[in-house]
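Written out below as structure tokens is the structure these notes cover.
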Amino acid sequence: MNVRGRLTAAVLAVAMAGTACAAGPSDPGAGRDAHGARTATPGTARPTGESGEFLVFYTQGGRDAAARAVAASGGVVTGDEPRLGYLVAELSAPEKLGTTPAIAGVTPDRRIGEAASVPTPPPASPPASPTPAPSAATPGPAALADPLSGRQWDMKMIGATATGSYAHPSARGRRVLVGVIDTGIDGKHPDIAPNFNRELSRNFVTDRPKDANGKTFDGPCEAKDCKDPVDVDDDGHGTHVASTIGSPLNGIGVAGVAPEVSLVNIRAGTDSGYFFLKPTLDALTYAADIGVAVVNMSFYVDPWTFNCPNNPKDTPAERLEQRGIIEGMRRAVAYAHAHGVTLITAIGNSGTDLGHPAKDTASPDYPLGAEHERKVDNTCINVPAELEHVISVSAVGPTERKASYSDYGVEQTDIAAPGGDLFAKDGRLTGVGREILAAAPARALRQKGLVDARGVPQDPSVVRECPHGGTCAYYQYLEGTSMASPHAAGVAAIIVGRFGTPGKNGLTMDPAEVERILYETAVPRPCPEPRAYKYAQNDVQTCEGGRDHNGFFGHGIVSAARAATFTR
């Protein structure tokens, strides 16, 4: 995986260090910073507005004035999104709009979709298991655990077990739509297919073979016109997230936190793991419009790790771009929240106190190699983790220690969940066993060399299961706040499943009430003593706050078991 300053996630096994997704300590990655992004190439220019198409965010009542400003600058308005208040415009000089009072931000719409030559498609994914969808009847005790459940220390920690939340039929997420805004979902995976909602799933991105400078980006297109079907995940990140939320209790592999939810692929991430603004806005508005109750967002919006409205070291066009990202995402999450969507996100993987950031070495991360170091402060924010209405999740390992890679902050951390920690030795678990095991797409594993042509795993991070001699399924150990966030999303789905009321396409519930119960049912965990906690390599991270809410654990570690029995 060569992706991710972008995905806030997923460190592979130690053997995969240097090729992992993002920001854990086991992935220093030659030529990469703590976010997994490539370090800057001296003298690399970053083109602005490479496509000439921009999102122009206007102030309330400012649409016409913004359109006039676009025309006066020599631009052309080509579209309008009144739900979020922006114009789509062809511009040659976006910086000319920076002094227009009616304009809140101007961000390049990095369209993806120029199809290169399409190679012969690779072999199809294995067919879906014939296992039927979960029954409304209560399964017997033997059915409340799957073959690999013994490796899921994370589910034991939060009480998503046969004697915990699974024992309560109302606490399995039935009739709850959970949107996974990610790199896609392998809807044919035997441990995903029974809960995969193909009808409502959408893909808002088109693969891009190369970046603006001709460097390999997503690589060759596998589908016609570079548009992947809604049941494809060429990276694996989104499938892992979806599996943790809602793999069914079906006698195959693992089980998710809420094993009867309806998983909706709302893809906004490229194969290479970038999440640009327009697809992310589209994904959030779509989730709101179709009645999704919970969304998981294990990413930050590219190309800026920290978005600074007025950083003097950034160009006027870069400042406009960052203002546009902040404003656009604020509007999108507010729209989703107002339409009943509970928004869960990974907090990030740079081991940074988000309340006291000092430098950003990972931005801008597109085109490839454009990163450079810049000073930042608390006026700069990580999006969506630091936005209102968004529940930000930090990661803990099997010892309940905050993982060293997990970002934190007393104002930013809302709740904690298992995300994996290779370095938190507890005497029982070793190596990748300290990470999170969940479903993985066979094709993505083969493309990365983690599975050979015979289907045999080539790395300890990959597990193959062939139930009763049937179709083999693959699972992967990963760690990161991307792995923590879906545990919280699953618990949120349990809450909606228990207390929600019928709505469009499923149950619905006031997100503020979901948030309240999520926090009230969490298990409080105080700051470590001393509060200036020393990790390896003299990495000292300081926890602020009290037992009931602090910068490492927020309101505590999520609990499926407590959510399953909570009364209000």
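Every chain in the structure tokens has a letter given in the order shown (A, B, ...), and although residue numbers restart at 1 in each chain, ligands are simply numbered from 1 in the order shown.
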Report the residues of region 62-96 of chain A whose backbone DSSP state falls under alpha helix (DSSP H), written as a short mmCIF file (atom, residue, chain, number, x, y, z; two decimals) with N, CA, C and O atoms, in the first residue's frame.
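Saved to out-v6.cif:
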data_model
loop_
_atom_site.label_atom_id
_atom_site.label_comp_id
_atom_site.auth_asym_id
_atom_site.auth_seq_id
_atom_site.Cartn_x
_atom_site.Cartn_y
_atom_site.Cartn_z
N ARG A 63 -24.85 34.20 -3.75
CA ARG A 63 -24.67 33.43 -4.98
C ARG A 63 -24.49 34.33 -6.20
O ARG A 63 -23.56 34.14 -7.00
N ASP A 64 -25.38 35.30 -6.38
CA ASP A 64 -25.32 36.14 -7.58
C ASP A 64 -24.05 36.98 -7.60
O ASP A 64 -23.41 37.14 -8.66
N ALA A 65 -23.66 37.49 -6.43
CA ALA A 65 -22.43 38.29 -6.37
C ALA A 65 -21.21 37.42 -6.69
O ALA A 65 -20.28 37.87 -7.36
N ALA A 66 -21.23 36.18 -6.22
CA ALA A 66 -20.13 35.27 -6.53
C ALA A 66 -20.08 34.97 -8.02
O ALA A 66 -19.00 34.93 -8.63
N ALA A 67 -21.25 34.76 -8.62
CA ALA A 67 -21.29 34.48 -10.06
C ALA A 67 -20.77 35.67 -10.86
O ALA A 67 -20.05 35.50 -11.86
N ARG A 68 -21.12 36.87 -10.41
CA ARG A 68 -20.61 38.06 -11.11
C ARG A 68 -19.09 38.17 -10.97
O ARG A 68 -18.38 38.53 -11.92
N ALA A 69 -18.58 37.84 -9.78
CA ALA A 69 -17.13 37.89 -9.57
C ALA A 69 -16.41 36.88 -10.45
O ALA A 69 -15.33 37.16 -10.98
N VAL A 70 -17.01 35.70 -10.60
CA VAL A 70 -16.43 34.69 -11.49
C VAL A 70 -16.34 35.23 -12.90
O VAL A 70 -15.31 35.13 -13.58
N ALA A 71 -17.44 35.82 -13.38
CA ALA A 71 -17.46 36.37 -14.74
C ALA A 71 -16.45 37.50 -14.89
O ALA A 71 -15.74 37.59 -15.91
N ALA A 72 -16.35 38.36 -13.88
CA ALA A 72 -15.42 39.49 -13.96
C ALA A 72 -13.97 39.03 -14.01
O ALA A 72 -13.11 39.72 -14.57
#
**Exercise: Gly455 (chain A) partners within 9 Å, only C-alpha atoms, chain neighbours under 4 positions left out, as a PyMOL selection string** = chain A and resi 442+446+451+464+472
**Message:** Given only C-alpha atoms as the basis, pick out the residue of A:Gly214, A:Pro530, A:Pro398, A:Gly291 nearest to Leu368 (chain A).
**Reply:**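 Once distances to Leu368 (chain A) are computed over only C-alpha atoms, the minimum belongs to A:Gly214.
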**Item:** Non-local contacts of Val230 (chain A) (10 Å; only C-alpha atoms; under 3 positions in same chain excluded) as an NGL selection string
**Value:** :A and (184-187 or 197-204 or 227 or 233 or 264-267)
**Request:** Extract, using only C-alpha atoms, all DNA, RNA and protein residues at most 7 Å from Ala102 (chain A), discarding same-chain residues fewer than 2 positions from it, and format them as a list in words.
**Result:** Tyr58, Thr59, Gly62, Ala65, Ala66, Thr100 and Ala104 of chain A
**Message:** Between CA of Asp414 (chain A) and CA of Ala484 (chain A), what is the distance in Å, rounded to a tenth?
**Reply:** 12.3 Å
**Request:** Enumerate, as a ChimeraX atom specification, the complete set of residues in region 339-494 of chain A that a backbone-based DSSP assignment places in strand (DSSP E or B).
**Result:** /A:342-346,353,359-360,374-375,381,390-396,402,408,415-418,436-440,451,457,462-465,473-479
**Separation of CA of Gly324 (chain A) from CA of Glu388 (chain A), in Å and rounded to one decimal** =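 Separation between CA of Gly324 (chain A) and CA of Glu388 (chain A): 16.2 Å.
Nearest-residue note for Tyr477 (chain A): choosing from A:Ser262, A:Gln152, A:Gln412, A:Thr352, the minimum distance belongs to A:Gln152, counting only C-alpha atoms.
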**Given only C-alpha atoms as the counted atoms, nearest of A:Ala334, A:Ala453, A:Val261, A:Met329 to Phe57 (chain A)** =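 Nearest candidate to Phe57 (chain A) out of A:Ala334, A:Ala453, A:Val261, A:Met329: A:Met329.
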